[in-house]
Protein chains: 2
Amino acid sequence: MVKAVGKRYGQVDQGVPAHVRLASALRDTIASGELLPGDLLPGDAALMDATGLARGTVRQAVATLRAEGLVQTRQGARTSVLQRPRLQPFSELLSFTAWARQQGANPGARMVELVRRSVDPAVAHELRIGDNDLVWTMVRVRLLDGVPVMVEHAAYPERIGALLVDADLEAGSVYAALAEHGIEVASGHHRISAIAAEAADAELLRARPGTPLLRQERTVFASDGTPIEHSDDRWRGDSIVLDAVNSVQGSQLARRAPD
Amino acid sequence: MVKAVGKRYGQVDQGVPAHVRLASALRDTIASGELLPGDLLPGDAALMDATGLARGTVRQAVATLRAEGLVQTRQGARTSVLQRPRLQPFSELLSFTAWARQQGANPGARMVELVRRSVDPAVAHELRIGDNDLVWTMVRVRLLDGVPVMVEHAAYPERIGALLVDADLEAGSVYAALAEHGIEVASGHHRISAIAAEAADAELLRARPGTPLLRQERTVFASDGTPIEHSDDRWRGDSIVLDAVNSVQGSQLARRAPD
DNA sequence: CAGTGGTCTAGACCACGTG
DNA sequence: ACGTGGTCTAGACCACTGA
């Protein structure tokens, strides 16, 4: 029974686990600038005192911040702040709509095509379906405040695509449409590279052929591990930057040679 | 004292923590193909049985795999495999030398310049030094099996650069040289974007001006949180891909608008 | 409803770092 | 030498999944 939690960290008691509340409180302390990069976080003992929580719970909260790259821990030394928090990285990385809104910009889309066709073998492999299966493929131009910034070439397994045919994909997000059918996005894999704009992409982006584009190939998985989508997004090079943090204590970014 | 560990997971007992050994054993099981994406991991209880470890320790091992994006957990449901492991992402992302070796390629470098000069204000901010301080700046062309693939523009605080002057930076890694002076790399922040090759970069890379490049701006921190290096690396677009995995349960990759 | 993972406690010993 | 974070145990209750 989690009762009154300390004066300093985490006041309200909802259904939220104590370690999540403490992590949020610490994250806020860093975000507010009260603790700057290089400063020291309170130690486990101090946090136990302040919150009344057991050490394991306190450590779980700190582990969350460490995984987010906000703090750094070393055995024997005090935990120190590495950087101010930036984004909620998950949904912003997957959903153009969520990302744009988070930027304070107005997301839009222009549908170019949405058709059912036989699947490309490479895409079939990513979606873990048969080489002779059908997929829905979609081409959309994504707009930021009305300006085209990205061309999206997406492929969906038949079962998923069928749910999208009736959705208004110029207004809303694919993921929002799928969520209405109870399909939640749980994880994504990404491959990022730089390429020159081909003629077709250039025309859709109102850029010259050969313009540098940031290419993001993406496979998105549902909660049950099933592939939902494979997409090849091509961003105008001047419209996007990817941020990554990595440390000895964990990172999701890896670099490798192209296939 | 961790004594005999179960028949199945983790045999040898060195100074390695039990949860790390169990995580490795599970990772190997996935890597070997014995467990494929979609398959179920043994439950906590089964792993406790097999290893003789307490539940907390078992859970720590599984948490490691989850943070690596290898497995997915949901309350109430069995833990399932998401993907096969790929790389050790940490050192490969920071060190060209380590990355190249890991690829089975032969890394090289051609030093263009290493000079001490006054610092650019933007770089001063990244390195957390004064606007009037001096830095060492280095330009190197990085080679993969003798072929130029990247131009590196790096800046080091005076104290760090002084350690590099006498090192052979055409043969070895900067980080290897720093490690010899007791300076260990602990974390890095990265900004990734796509740009067109400028004339100078193009010449060094033996490419045409305007060729798409993947740009990786990087700030590297030592164990004590001190910035060691700020670098602007420009890769031939056809020579590099970045891999990322993210899930609701943690990710280090975030997307944002350019400054 | 049985089994799973998620959370939490209260204690203990250890390796490491810093004064 | 002391305090720090890292590891580990043994037990408990809960929320949720899935048959």
# chains A, B, ... in the order shown; residues from 1 in each chain; ligands from 1
$ residues_around --residues "DC16 (chain C)" --least-positions-apart "6" --cutoff "12 Å" --atoms "only C-alpha atoms (C1' of nucleotides)" --output "list of chain:residue names"
A:Arg74, A:Gln75, A:Gly76, A:Ala77, A:Arg78, D:DC2, D:DG3, D:DT4, D:DG5, D:DG6
$ interface_residues --of "chain B" --to "chain C" --cutoff "12 Å" --atoms "only C-alpha atoms (C1' of nucleotides)" --output "short mmCIF file (atom, residue, chain, number, x, y, z; two decimals) with N, CA and C atoms, in the first residue's frame"
data_model
loop_
_atom_site.label_atom_id
_atom_site.label_comp_id
_atom_site.auth_asym_id
_atom_site.auth_seq_id
_atom_site.Cartn_x
_atom_site.Cartn_y
_atom_site.Cartn_z
N MET B 1 26.65 -15.62 -2.87
CA MET B 1 27.54 -16.41 -3.72
C MET B 1 26.74 -17.21 -4.72
N GLY B 15 33.44 -13.33 -13.00
CA GLY B 15 33.03 -12.14 -12.28
C GLY B 15 31.79 -11.50 -12.86
N PRO B 17 28.03 -10.66 -13.58
CA PRO B 17 26.78 -10.78 -12.82
C PRO B 17 25.85 -11.82 -13.44
N LEU B 41 9.32 -16.71 -25.08
CA LEU B 41 10.43 -16.94 -24.16
C LEU B 41 9.93 -17.76 -22.99
N PRO B 42 10.83 -18.51 -22.31
CA PRO B 42 10.40 -19.15 -21.06
C PRO B 42 9.90 -18.10 -20.07
N GLY B 43 8.93 -18.45 -19.28
CA GLY B 43 8.39 -17.51 -18.29
C GLY B 43 9.35 -17.30 -17.13
N ASP B 44 9.07 -16.30 -16.30
CA ASP B 44 9.91 -16.03 -15.14
C ASP B 44 10.10 -17.28 -14.29
N ALA B 45 9.01 -17.98 -14.05
CA ALA B 45 9.07 -19.15 -13.17
C ALA B 45 9.99 -20.22 -13.77
N ALA B 46 9.85 -20.44 -15.07
CA ALA B 46 10.68 -21.45 -15.73
C ALA B 46 12.15 -21.07 -15.65
N ARG B 55 13.58 -14.18 -8.59
CA ARG B 55 12.77 -13.62 -9.67
C ARG B 55 13.29 -12.27 -10.13
N GLY B 56 13.71 -11.44 -9.17
CA GLY B 56 14.21 -10.11 -9.52
C GLY B 56 15.37 -10.19 -10.49
N VAL B 58 16.08 -12.69 -12.57
CA VAL B 58 15.58 -13.16 -13.86
C VAL B 58 14.92 -12.00 -14.62
N ARG B 59 14.15 -11.22 -13.90
CA ARG B 59 13.45 -10.12 -14.56
C ARG B 59 14.44 -9.08 -15.09
N VAL B 62 15.63 -10.29 -18.45
CA VAL B 62 14.63 -10.11 -19.50
C VAL B 62 14.48 -8.62 -19.84
N ALA B 63 14.60 -7.76 -18.83
CA ALA B 63 14.50 -6.32 -19.08
C ALA B 63 15.60 -5.86 -20.03
N GLN B 72 9.47 -8.62 -26.40
CA GLN B 72 8.38 -7.73 -26.07
C GLN B 72 7.63 -8.33 -24.90
N THR B 73 7.31 -7.52 -23.91
CA THR B 73 6.56 -8.06 -22.77
C THR B 73 5.25 -7.30 -22.60
N ARG B 74 4.23 -8.01 -22.17
CA ARG B 74 2.94 -7.40 -21.84
C ARG B 74 2.43 -8.07 -20.59
N GLN B 75 1.87 -7.28 -19.73
CA GLN B 75 1.32 -7.84 -18.49
C GLN B 75 0.29 -8.90 -18.81
N GLY B 76 0.43 -10.03 -18.19
CA GLY B 76 -0.54 -11.10 -18.37
C GLY B 76 -0.21 -12.04 -19.51
N ALA B 77 0.49 -11.54 -20.52
CA ALA B 77 0.80 -12.39 -21.67
C ALA B 77 2.25 -12.86 -21.60
N ARG B 78 2.55 -13.93 -22.30
CA ARG B 78 3.91 -14.44 -22.31
C ARG B 78 4.84 -13.48 -23.05
N THR B 79 6.10 -13.49 -22.67
CA THR B 79 7.10 -12.67 -23.35
C THR B 79 7.42 -13.30 -24.70
N SER B 80 7.42 -12.48 -25.76
CA SER B 80 7.64 -13.02 -27.09
C SER B 80 8.84 -12.37 -27.76
N ASP B 224 32.82 10.91 -16.81
CA ASP B 224 32.42 11.90 -15.81
C ASP B 224 31.46 12.94 -16.38
#
$ select_by_dssp --residues "region 69-194 of chain B" --states "alpha helix (DSSP H)" --output "PyMOL selection string"
chain B and resi 89-94+96-103+121-127+158-164+174-179
$ write_last_selection --atoms "N, CA, C and O atoms" --output "short mmCIF file (atom, residue, chain, number, x, y, z; two decimals), in the first residue's frame"
data_model
loop_
_atom_site.label_atom_id
_atom_site.label_comp_id
_atom_site.auth_asym_id
_atom_site.auth_seq_id
_atom_site.Cartn_x
_atom_site.Cartn_y
_atom_site.Cartn_z
N PRO B 89 25.49 -2.17 -30.32
CA PRO B 89 25.33 -0.87 -30.93
C PRO B 89 26.23 0.23 -30.38
O PRO B 89 26.47 1.21 -31.04
N PHE B 90 26.74 0.08 -29.19
CA PHE B 90 27.37 1.24 -28.58
C PHE B 90 28.65 1.69 -29.26
O PHE B 90 28.71 2.75 -29.86
N SER B 91 29.68 0.87 -29.19
CA SER B 91 30.96 1.33 -29.70
C SER B 91 30.92 1.50 -31.22
O SER B 91 31.56 2.38 -31.77
N GLU B 92 30.11 0.67 -31.88
CA GLU B 92 30.04 0.78 -33.33
C GLU B 92 29.48 2.13 -33.77
O GLU B 92 29.80 2.63 -34.84
N LEU B 93 28.61 2.70 -32.96
CA LEU B 93 28.03 3.97 -33.35
C LEU B 93 29.02 5.11 -33.17
O LEU B 93 28.99 6.10 -33.89
N LEU B 94 29.91 4.96 -32.21
CA LEU B 94 30.84 6.06 -31.95
C LEU B 94 32.14 5.93 -32.72
O LEU B 94 32.67 6.92 -33.21
N PHE B 96 34.47 4.77 -35.69
CA PHE B 96 34.56 4.27 -37.06
C PHE B 96 35.40 3.00 -37.10
O PHE B 96 35.04 2.01 -37.76
N THR B 97 36.49 3.03 -36.35
CA THR B 97 37.41 1.89 -36.35
C THR B 97 36.72 0.63 -35.85
O THR B 97 36.78 -0.43 -36.50
N ALA B 98 36.04 0.76 -34.71
CA ALA B 98 35.36 -0.41 -34.14
C ALA B 98 34.27 -0.91 -35.09
O ALA B 98 34.09 -2.11 -35.28
N TRP B 99 33.57 0.04 -35.69
CA TRP B 99 32.48 -0.32 -36.59
C TRP B 99 33.01 -1.08 -37.80
O TRP B 99 32.50 -2.13 -38.17
N ALA B 100 34.06 -0.52 -38.40
CA ALA B 100 34.61 -1.14 -39.61
C ALA B 100 35.08 -2.56 -39.32
O ALA B 100 34.77 -3.49 -40.08
N ARG B 101 35.80 -2.73 -38.23
CA ARG B 101 36.29 -4.06 -37.88
C ARG B 101 35.14 -5.03 -37.71
O ARG B 101 35.19 -6.17 -38.13
N GLN B 102 34.08 -4.53 -37.08
CA GLN B 102 32.93 -5.38 -36.81
C GLN B 102 32.28 -5.83 -38.12
O GLN B 102 31.64 -6.86 -38.19
N GLN B 103 32.44 -4.99 -39.16
CA GLN B 103 31.91 -5.33 -40.48
C GLN B 103 32.81 -6.30 -41.22
O GLN B 103 32.46 -6.76 -42.30
N PRO B 121 31.50 29.43 -32.10
CA PRO B 121 30.57 29.56 -30.96
C PRO B 121 29.64 28.36 -30.79
O PRO B 121 29.40 27.90 -29.67
N ALA B 122 29.12 27.84 -31.90
CA ALA B 122 28.20 26.70 -31.80
C ALA B 122 28.92 25.49 -31.20
O ALA B 122 28.36 24.76 -30.37
N VAL B 123 30.15 25.28 -31.63
CA VAL B 123 30.92 24.15 -31.11
C VAL B 123 31.26 24.37 -29.64
O VAL B 123 31.22 23.44 -28.82
N ALA B 124 31.57 25.62 -29.28
CA ALA B 124 31.87 25.94 -27.89
C ALA B 124 30.71 25.54 -27.00
O ALA B 124 30.89 24.97 -25.92
N HIS B 125 29.51 25.79 -27.48
CA HIS B 125 28.33 25.45 -26.69
C HIS B 125 28.23 23.94 -26.49
O HIS B 125 27.98 23.46 -25.39
N GLU B 126 28.45 23.20 -27.57
CA GLU B 126 28.38 21.74 -27.48
C GLU B 126 29.44 21.19 -26.53
O GLU B 126 29.20 20.25 -25.80
N LEU B 127 30.61 21.78 -26.56
CA LEU B 127 31.72 21.28 -25.74
C LEU B 127 31.69 21.90 -24.34
O LEU B 127 32.54 21.56 -23.50
N GLU B 158 41.00 21.82 -25.58
CA GLU B 158 42.46 21.90 -25.61
C GLU B 158 43.13 20.75 -24.85
O GLU B 158 44.06 20.12 -25.34
N ARG B 159 42.60 20.50 -23.67
CA ARG B 159 43.12 19.43 -22.80
C ARG B 159 43.10 18.06 -23.49
O ARG B 159 44.02 17.25 -23.32
N ILE B 160 42.07 17.80 -24.29
CA ILE B 160 41.96 16.52 -24.99
C ILE B 160 42.86 16.51 -26.22
O ILE B 160 43.61 15.56 -26.47
N GLY B 161 42.80 17.60 -26.98
CA GLY B 161 43.57 17.68 -28.21
C GLY B 161 45.06 17.50 -27.96
O GLY B 161 45.77 16.87 -28.76
N ALA B 162 45.51 18.02 -26.80
CA ALA B 162 46.93 17.91 -26.47
C ALA B 162 47.37 16.46 -26.40
O ALA B 162 48.53 16.13 -26.68
N LEU B 163 46.43 15.58 -26.05
CA LEU B 163 46.77 14.16 -25.95
C LEU B 163 46.84 13.50 -27.32
O LEU B 163 47.37 12.40 -27.46
N LEU B 164 46.24 14.17 -28.32
CA LEU B 164 46.13 13.55 -29.63
C LEU B 164 47.27 13.91 -30.56
O LEU B 164 47.52 13.21 -31.55
N VAL B 174 40.88 7.56 -32.41
CA VAL B 174 41.01 8.62 -31.42
C VAL B 174 40.68 8.07 -30.04
O VAL B 174 41.37 8.35 -29.05
N TYR B 175 39.63 7.27 -29.98
CA TYR B 175 39.20 6.77 -28.68
C TYR B 175 40.22 5.82 -28.08
O TYR B 175 40.40 5.79 -26.86
N ALA B 176 40.87 5.06 -28.94
CA ALA B 176 41.92 4.18 -28.44
C ALA B 176 43.05 5.02 -27.84
O ALA B 176 43.57 4.71 -26.77
N ALA B 177 43.40 6.11 -28.54
CA ALA B 177 44.46 6.98 -28.03
C ALA B 177 44.07 7.60 -26.70
O ALA B 177 44.88 7.68 -25.77
N LEU B 178 42.81 8.03 -26.58
CA LEU B 178 42.36 8.64 -25.33
C LEU B 178 42.31 7.62 -24.21
O LEU B 178 42.60 7.93 -23.06
N ALA B 179 41.94 6.40 -24.56
CA ALA B 179 41.84 5.35 -23.55
C ALA B 179 43.20 5.11 -22.90
O ALA B 179 43.29 4.82 -21.70
#
$ interface_residues --of "chain D" --to "chain B" --cutoff "7 Å" --atoms "only C-alpha atoms (C1' of nucleotides)" --output "PDB file with N, CA, C and O atoms (P, O5', C5', C4', C3', O3' and C1' of nucleotides), in the first residue's frame"
ATOM      1  P    DC D   8      23.720 -10.816  -9.952  1.00  0.00           P
ATOM      2  O5'  DC D   8      22.786 -11.244  -8.742  1.00  0.00           O
ATOM      3  C5'  DC D   8      23.391 -11.675  -7.534  1.00  0.00           C
ATOM      4  C4'  DC D   8      22.339 -11.772  -6.444  1.00  0.00           C
ATOM      5  C3'  DC D   8      21.017 -12.447  -6.853  1.00  0.00           C
ATOM      6  O3'  DC D   8      21.103 -13.821  -6.478  1.00  0.00           O
ATOM      7  C1'  DC D   8      20.777 -10.643  -5.259  1.00  0.00           C
ATOM      8  P    DT D   9      19.787 -14.779  -6.553  1.00  0.00           P
ATOM      9  O5'  DT D   9      19.086 -14.542  -5.147  1.00  0.00           O
ATOM     10  C5'  DT D   9      19.868 -14.623  -3.959  1.00  0.00           C
ATOM     11  C4'  DT D   9      18.962 -14.460  -2.762  1.00  0.00           C
ATOM     12  C3'  DT D   9      17.635 -15.225  -2.851  1.00  0.00           C
ATOM     13  O3'  DT D   9      17.480 -16.007  -1.684  1.00  0.00           O
ATOM     14  C1'  DT D   9      17.249 -12.939  -2.308  1.00  0.00           C
ATOM     15  P    DC D  16      -5.480  -3.794 -15.620  1.00  0.00           P
ATOM     16  O5'  DC D  16      -5.153  -5.026 -16.568  1.00  0.00           O
ATOM     17  C5'  DC D  16      -3.831  -5.161 -17.088  1.00  0.00           C
ATOM     18  C4'  DC D  16      -3.661  -6.567 -17.581  1.00  0.00           C
ATOM     19  C3'  DC D  16      -4.706  -7.013 -18.606  1.00  0.00           C
ATOM     20  O3'  DC D  16      -4.067  -7.038 -19.862  1.00  0.00           O
ATOM     21  C1'  DC D  16      -4.170  -8.716 -17.005  1.00  0.00           C
ATOM     22  P    DT D  17      -4.874  -7.376 -21.172  1.00  0.00           P
ATOM     23  O5'  DT D  17      -4.454  -8.883 -21.516  1.00  0.00           O
ATOM     24  C5'  DT D  17      -3.207  -9.370 -21.077  1.00  0.00           C
ATOM     25  C4'  DT D  17      -3.056 -10.827 -21.454  1.00  0.00           C
ATOM     26  C3'  DT D  17      -3.896 -11.334 -22.623  1.00  0.00           C
ATOM     27  O3'  DT D  17      -3.054 -12.114 -23.438  1.00  0.00           O
ATOM     28  C1'  DT D  17      -4.392 -12.589 -20.642  1.00  0.00           C
TER      29       DT D  17
END
$ atom_distance --atom1 "CA of Gly38 (chain A)" --atom2 "CA of Glu68 (chain A)"
16.0 Å
$ residues_around --residues "Asp233 (chain A)" --least-positions-apart "5" --cutoff "6 Å" --atoms "only C-alpha atoms (C1' of nucleotides)" --output "list of chain:residue names"
A:Val151, A:Glu152, A:Arg215, A:Gln216
$ closest_residue --among "B:Arg128, B:Arg117, B:Arg21, B:Arg110" --to "chain A" --atoms "only C-alpha atoms"
B:Arg128
$ closest_residue --among "A:Glu34, A:Asp133, A:Asp166, A:Asp243" --to "chain B" --atoms "only C-alpha atoms"
A:Asp243
$ atom_distance --atom1 "CA of Val185 (chain A)" --atom2 "CA of Val220 (chain A)"
7.0 Å
$ atom_distance --atom1 "CA of Ser118 (chain A)" --atom2 "CA of Val135 (chain A)"
6.1 Å
$ select_by_dssp --residues "region 143-216 of chain B" --states "strand (DSSP E or B)" --output "ChimeraX atom specification"
/B:143-144,147-157,185-196,212-216
$ write_last_selection --atoms "C-alpha atoms" --output "compact mmCIF listing (two decimals), in the first residue's frame"
# COMPACT_ATOMS: atom_id res chain seq x y z
CA LEU B 143 38.64 4.83 -45.56
CA LEU B 144 37.03 1.43 -45.79
CA VAL B 147 38.04 3.64 -50.33
CA PRO B 148 37.04 7.05 -48.91
CA VAL B 149 33.59 6.85 -47.37
CA MET B 150 33.47 9.67 -44.83
CA VAL B 151 34.90 13.09 -44.06
CA GLU B 152 35.27 13.85 -40.38
CA HIS B 153 35.40 17.39 -39.01
CA ALA B 154 36.15 17.04 -35.32
CA ALA B 155 36.84 19.53 -32.54
CA TYR B 156 38.45 18.72 -29.19
CA PRO B 157 38.86 20.81 -26.05
CA VAL B 185 34.01 7.22 -23.74
CA ALA B 186 30.69 6.75 -21.98
CA SER B 187 27.94 8.27 -24.12
CA GLY B 188 27.21 10.16 -27.28
CA HIS B 189 24.52 12.39 -28.72
CA HIS B 190 23.88 12.35 -32.42
CA ARG B 191 22.05 14.44 -34.98
CA ILE B 192 21.47 12.80 -38.31
CA SER B 193 20.42 14.52 -41.52
CA ALA B 194 20.89 14.44 -45.28
CA ILE B 195 22.78 17.14 -47.14
CA ALA B 196 24.36 17.74 -50.53
CA PRO B 212 23.73 13.14 -51.20
CA LEU B 213 25.59 12.71 -47.92
CA LEU B 214 24.42 11.42 -44.58
CA ARG B 215 25.51 13.90 -41.97
CA GLN B 216 26.13 12.76 -38.42
